[in-house]
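First up is the structure itself, then whatever we jot down about it.
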Amino acid sequence: MVICELTSYKKPYSYLNCRSSPGFPVFVCIYFPVEMSPIKKGKENRLREIEVLIISAQDLKNVKHVTKMRAYAVVYVEHEHVAKTHVDEDGGVNPTWNEKLTVKFREGLPETDVMAALNVDIYAHGHVREKPVGSARVLLCDVLKEGDASEPVDNPIQCLTLQVRRASGRPQGLLNLWVPPTGRFMQRRESLSFNVKDEVEVEVGDDVAVDEKVA
């Protein structure tokens with residue numbers, strides 16, 4: 001026969017002192033009240049999705065010495081939820097993806113963990129194994145803001161250039177990406193592209209058109 005009695009109560013758990021008849025082992029139970037259960041429910045178990053445009057990288061470490069490097073990017077906040085770009089076949093150490101990815105993580109994570117970050121790991125695709133090229137990261141609290149995704153004021157173009165670092169910590173290359181402050185792009189289409197050269201050409205063309213109109 002085993003008799004248990006509540007001997008002490010301290011949040012978040014209580015100790016139950018259990019004594020037994022001869023021949024039965026003596027043990028201590030830990031009782032978790034329902035409201036303090038270690039299985040947390042609610043906001044922390046819900047997932048949030050943000051959209052990220054992985055644009056390109058440049059001057060990466062060439063980890064393929066025999067064949068041309070074919071790079072792709074793995075994007076995540078938490079390792080349980082990973083998104084990948086396609087493999088760039090032509091760029092080598094200067095790959096271009098221009099691919100929009102959806103990244104998931106626990107809702108409320110940026111508020112509870114100031115070090116929570118968007119991580120981008122770059123790999124070289126291979127027939128035998130994938131070789132790590134480098135990694136870059138940016139804190140969620142630095143890029144995500146509150147606001148309405150449909151409002152240009154709340155959701156401006158936010159293109160970032162991040163330092164890519166080798167596993168040793170040595171800097172090698174740059175990564176270009178676009179993270180909308182609200183986590184959602186205003187443009188609703190299957191793919192987005194961003195090219196600095198194209199943007200400059202558009203601006204120059206607009207200026208020429210204005211000058212011709214004034215003349």
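The chains in the structure tokens are called A, B, ... from first to last as shown; in each chain the residues are counted from 1, and the ligands are counted from 1 in the order shown.
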
Hey, what's within 8 Å of Val93 in chain A if we count only C-alpha atoms and toss same-chain stuff fewer than 6 positions away? As a CSV table (one decimal) with C-alpha atoms, in the first residue's frame, please?
chain,number,residue,atom,x,y,z
A,57,ALA,CA,25.4,36.3,-53.3
A,58,GLN,CA,28.8,37.4,-54.4
A,59,ASP,CA,32.5,36.5,-53.9
A,60,LEU,CA,31.7,33.3,-52.0
A,61,LYS,CA,34.4,30.8,-51.1
A,62,ASN,CA,34.9,28.3,-54.0
A,69,MET,CA,30.2,25.3,-57.8
A,71,ALA,CA,25.1,26.9,-54.8

Who sits within 7 Å of Gly92 in chain A, only C-alpha atoms, same chain under 2 positions skipped, as a PDB file with all heavy atoms, in the first residue's frame:
ATOM      1  N   LYS A  68      32.445  23.193 -61.445  1.00  0.00           N
ATOM      2  CA  LYS A  68      31.901  24.504 -61.106  1.00  0.00           C
ATOM      3  C   LYS A  68      30.960  24.402 -59.906  1.00  0.00           C
ATOM      4  O   LYS A  68      30.169  23.463 -59.806  1.00  0.00           O
ATOM      5  CB  LYS A  68      31.142  25.078 -62.300  1.00  0.00           C
ATOM      6  CG  LYS A  68      30.726  26.533 -62.123  1.00  0.00           C
ATOM      7  CD  LYS A  68      30.173  27.108 -63.410  1.00  0.00           C
ATOM      8  CE  LYS A  68      29.880  28.582 -63.279  1.00  0.00           C
ATOM      9  NZ  LYS A  68      29.391  29.181 -64.541  1.00  0.00           N
ATOM     10  N   MET A  69      31.048  25.361 -59.008  1.00  0.00           N
ATOM     11  CA  MET A  69      30.216  25.336 -57.818  1.00  0.00           C
ATOM     12  C   MET A  69      28.770  25.644 -58.169  1.00  0.00           C
ATOM     13  O   MET A  69      28.487  26.593 -58.899  1.00  0.00           O
ATOM     14  CB  MET A  69      30.743  26.336 -56.774  1.00  0.00           C
ATOM     15  CG  MET A  69      30.064  26.210 -55.420  1.00  0.00           C
ATOM     16  SD  MET A  69      30.896  27.164 -54.124  1.00  0.00           S
ATOM     17  CE  MET A  69      30.292  28.815 -54.502  1.00  0.00           C
ATOM     18  N   ARG A  70      27.852  24.845 -57.643  1.00  0.00           N
ATOM     19  CA  ARG A  70      26.407  25.040 -57.846  1.00  0.00           C
ATOM     20  C   ARG A  70      25.800  25.272 -56.472  1.00  0.00           C
ATOM     21  O   ARG A  70      25.618  24.332 -55.692  1.00  0.00           O
ATOM     22  CB  ARG A  70      25.807  23.812 -58.525  1.00  0.00           C
ATOM     23  CG  ARG A  70      26.436  23.522 -59.878  1.00  0.00           C
ATOM     24  CD  ARG A  70      26.270  22.066 -60.269  1.00  0.00           C
ATOM     25  NE  ARG A  70      24.846  21.721 -60.369  1.00  0.00           N
ATOM     26  CZ  ARG A  70      24.388  20.499 -60.126  1.00  0.00           C
ATOM     27  NH1 ARG A  70      25.204  19.539 -59.728  1.00  0.00           N
ATOM     28  NH2 ARG A  70      23.094  20.251 -60.248  1.00  0.00           N
ATOM     29  N   ALA A  71      25.483  26.521 -56.175  1.00  0.00           N
ATOM     30  CA  ALA A  71      25.105  26.894 -54.811  1.00  0.00           C
ATOM     31  C   ALA A  71      23.595  26.994 -54.620  1.00  0.00           C
ATOM     32  O   ALA A  71      22.854  27.312 -55.558  1.00  0.00           O
ATOM     33  CB  ALA A  71      25.759  28.233 -54.440  1.00  0.00           C
ATOM     34  N   ASP A  90      24.647  28.305 -62.847  1.00  0.00           N
ATOM     35  CA  ASP A  90      25.562  29.062 -63.698  1.00  0.00           C
ATOM     36  C   ASP A  90      26.448  30.064 -62.970  1.00  0.00           C
ATOM     37  O   ASP A  90      27.516  30.422 -63.470  1.00  0.00           O
ATOM     38  CB  ASP A  90      24.766  29.821 -64.769  1.00  0.00           C
ATOM     39  CG  ASP A  90      23.885  28.887 -65.586  1.00  0.00           C
ATOM     40  OD1 ASP A  90      24.385  27.822 -66.001  1.00  0.00           O
ATOM     41  OD2 ASP A  90      22.698  29.214 -65.792  1.00  0.00           O
ATOM     42  N   ASN A  94      29.207  33.466 -57.568  1.00  0.00           N
ATOM     43  CA  ASN A  94      28.301  34.620 -57.576  1.00  0.00           C
ATOM     44  C   ASN A  94      26.894  34.167 -57.981  1.00  0.00           C
ATOM     45  O   ASN A  94      26.380  34.558 -59.031  1.00  0.00           O
ATOM     46  CB  ASN A  94      28.811  35.690 -58.544  1.00  0.00           C
ATOM     47  CG  ASN A  94      30.194  36.194 -58.175  1.00  0.00           C
ATOM     48  OD1 ASN A  94      30.385  36.793 -57.123  1.00  0.00           O
ATOM     49  ND2 ASN A  94      31.162  35.930 -59.041  1.00  0.00           N
ATOM     50  N   PRO A  95      26.251  33.343 -57.168  1.00  0.00           N
ATOM     51  CA  PRO A  95      24.951  32.780 -57.549  1.00  0.00           C
ATOM     52  C   PRO A  95      23.833  33.810 -57.473  1.00  0.00           C
ATOM     53  O   PRO A  95      23.880  34.771 -56.704  1.00  0.00           O
ATOM     54  CB  PRO A  95      24.736  31.676 -56.505  1.00  0.00           C
ATOM     55  CG  PRO A  95      25.490  32.158 -55.306  1.00  0.00           C
ATOM     56  CD  PRO A  95      26.694  32.866 -55.841  1.00  0.00           C
TER      57      PRO A  95
END

**Prompt:** Within 9 Å of Val179 in chain A, counting only C-alpha atoms, which residues qualify if same-chain residues fewer than 4 places away don't, as a PyMOL selection string?
**Reply:** chain A and resi 50-54+143-144+157-160+183-185

**Message:** So, with only C-alpha atoms as the atoms that count, which of A:Pro171, A:Pro180, A:Arg165, A:Gly134 lies closest to Thr102 in chain A?
**Reply:**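 Among the listed residues, the smallest separation from Thr102 in chain A belongs to A:Pro180.
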
**Request:** Pull the strand (DSSP E) assignments for range 108-201 of chain A out of DSSP run on the backbone, and list those residues as a PyMOL selection string.
**Result:** chain A and resi 117-124+131-139+159-165+171-178

Hey, what's within 8 Å of Ala73 in chain A if we count only C-alpha atoms and toss same-chain stuff fewer than 3 positions away? As a tab-separated table (two decimals) with N, CA, C and O atoms, in the first residue's frame, please?
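So the final result, stored in around18.tsv, reads:
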chain	number	residue	atom	x	y	z
A	84	LYS	N	14.26	26.07	-48.70
A	84	LYS	CA	15.44	26.02	-49.55
A	84	LYS	C	15.18	26.70	-50.89
A	84	LYS	O	14.07	26.65	-51.41
A	85	THR	N	16.21	27.31	-51.44
A	85	THR	CA	16.14	27.85	-52.79
A	85	THR	C	16.48	26.74	-53.79
A	85	THR	O	16.92	25.65	-53.41
A	86	HIS	N	16.29	27.05	-55.06
A	86	HIS	CA	16.75	26.12	-56.08
A	86	HIS	C	18.27	26.20	-56.19
A	86	HIS	O	18.90	27.12	-55.64
A	120	VAL	N	20.69	32.07	-42.89
A	120	VAL	CA	20.83	31.61	-44.27
A	120	VAL	C	22.15	30.86	-44.38
A	120	VAL	O	23.23	31.44	-44.21
A	121	ASP	N	22.06	29.56	-44.62
A	121	ASP	CA	23.25	28.72	-44.83
A	121	ASP	C	23.36	28.41	-46.32
A	121	ASP	O	22.40	27.94	-46.93
A	122	ILE	N	24.53	28.65	-46.87
A	122	ILE	CA	24.76	28.42	-48.29
A	122	ILE	C	25.59	27.15	-48.46
A	122	ILE	O	26.60	26.97	-47.77
A	123	TYR	N	25.13	26.29	-49.36
A	123	TYR	CA	25.81	25.02	-49.63
A	123	TYR	C	26.14	24.90	-51.12
A	123	TYR	O	25.46	25.49	-51.96

**Item:** Every residue of range 23-175 of chain A that DSSP places in helix (DSSP H, G or I), as a ChimeraX atom specification
**Value:** /A:34-36,43-45,109-112,140-143

**Item:** Residue with smallest distance to Pro110 in chain A - pool A:Val82, A:Val153, A:Cys141, A:Val133, counting only C-alpha atoms
**Value:** A:Cys141

**Request:** Grab the CA of Lys104 in chain A to CA of Trp178 in chain A distance for me, in Å with one decimal place.
**Result:**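 A separation of 16.3 Å between them.
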
**Message:** Which residues are close to Leu175 in chain A, i.e. within 7 Å by only C-alpha atoms, leaving aside same-chain residues fewer than 5 positions away? Reply as a list in words.
**Reply:**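 Close residues of Leu175 in chain A: Ser56, Ala57, Gln58, Thr161, Leu162, Gln163 and Val164 of chain A.
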
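The residue that comes closest to Glu99 in chain A, out of A:Asn119, A:Glu151, A:Arg48, A:Val75 and on the basis of only C-alpha atoms, is A:Val75.
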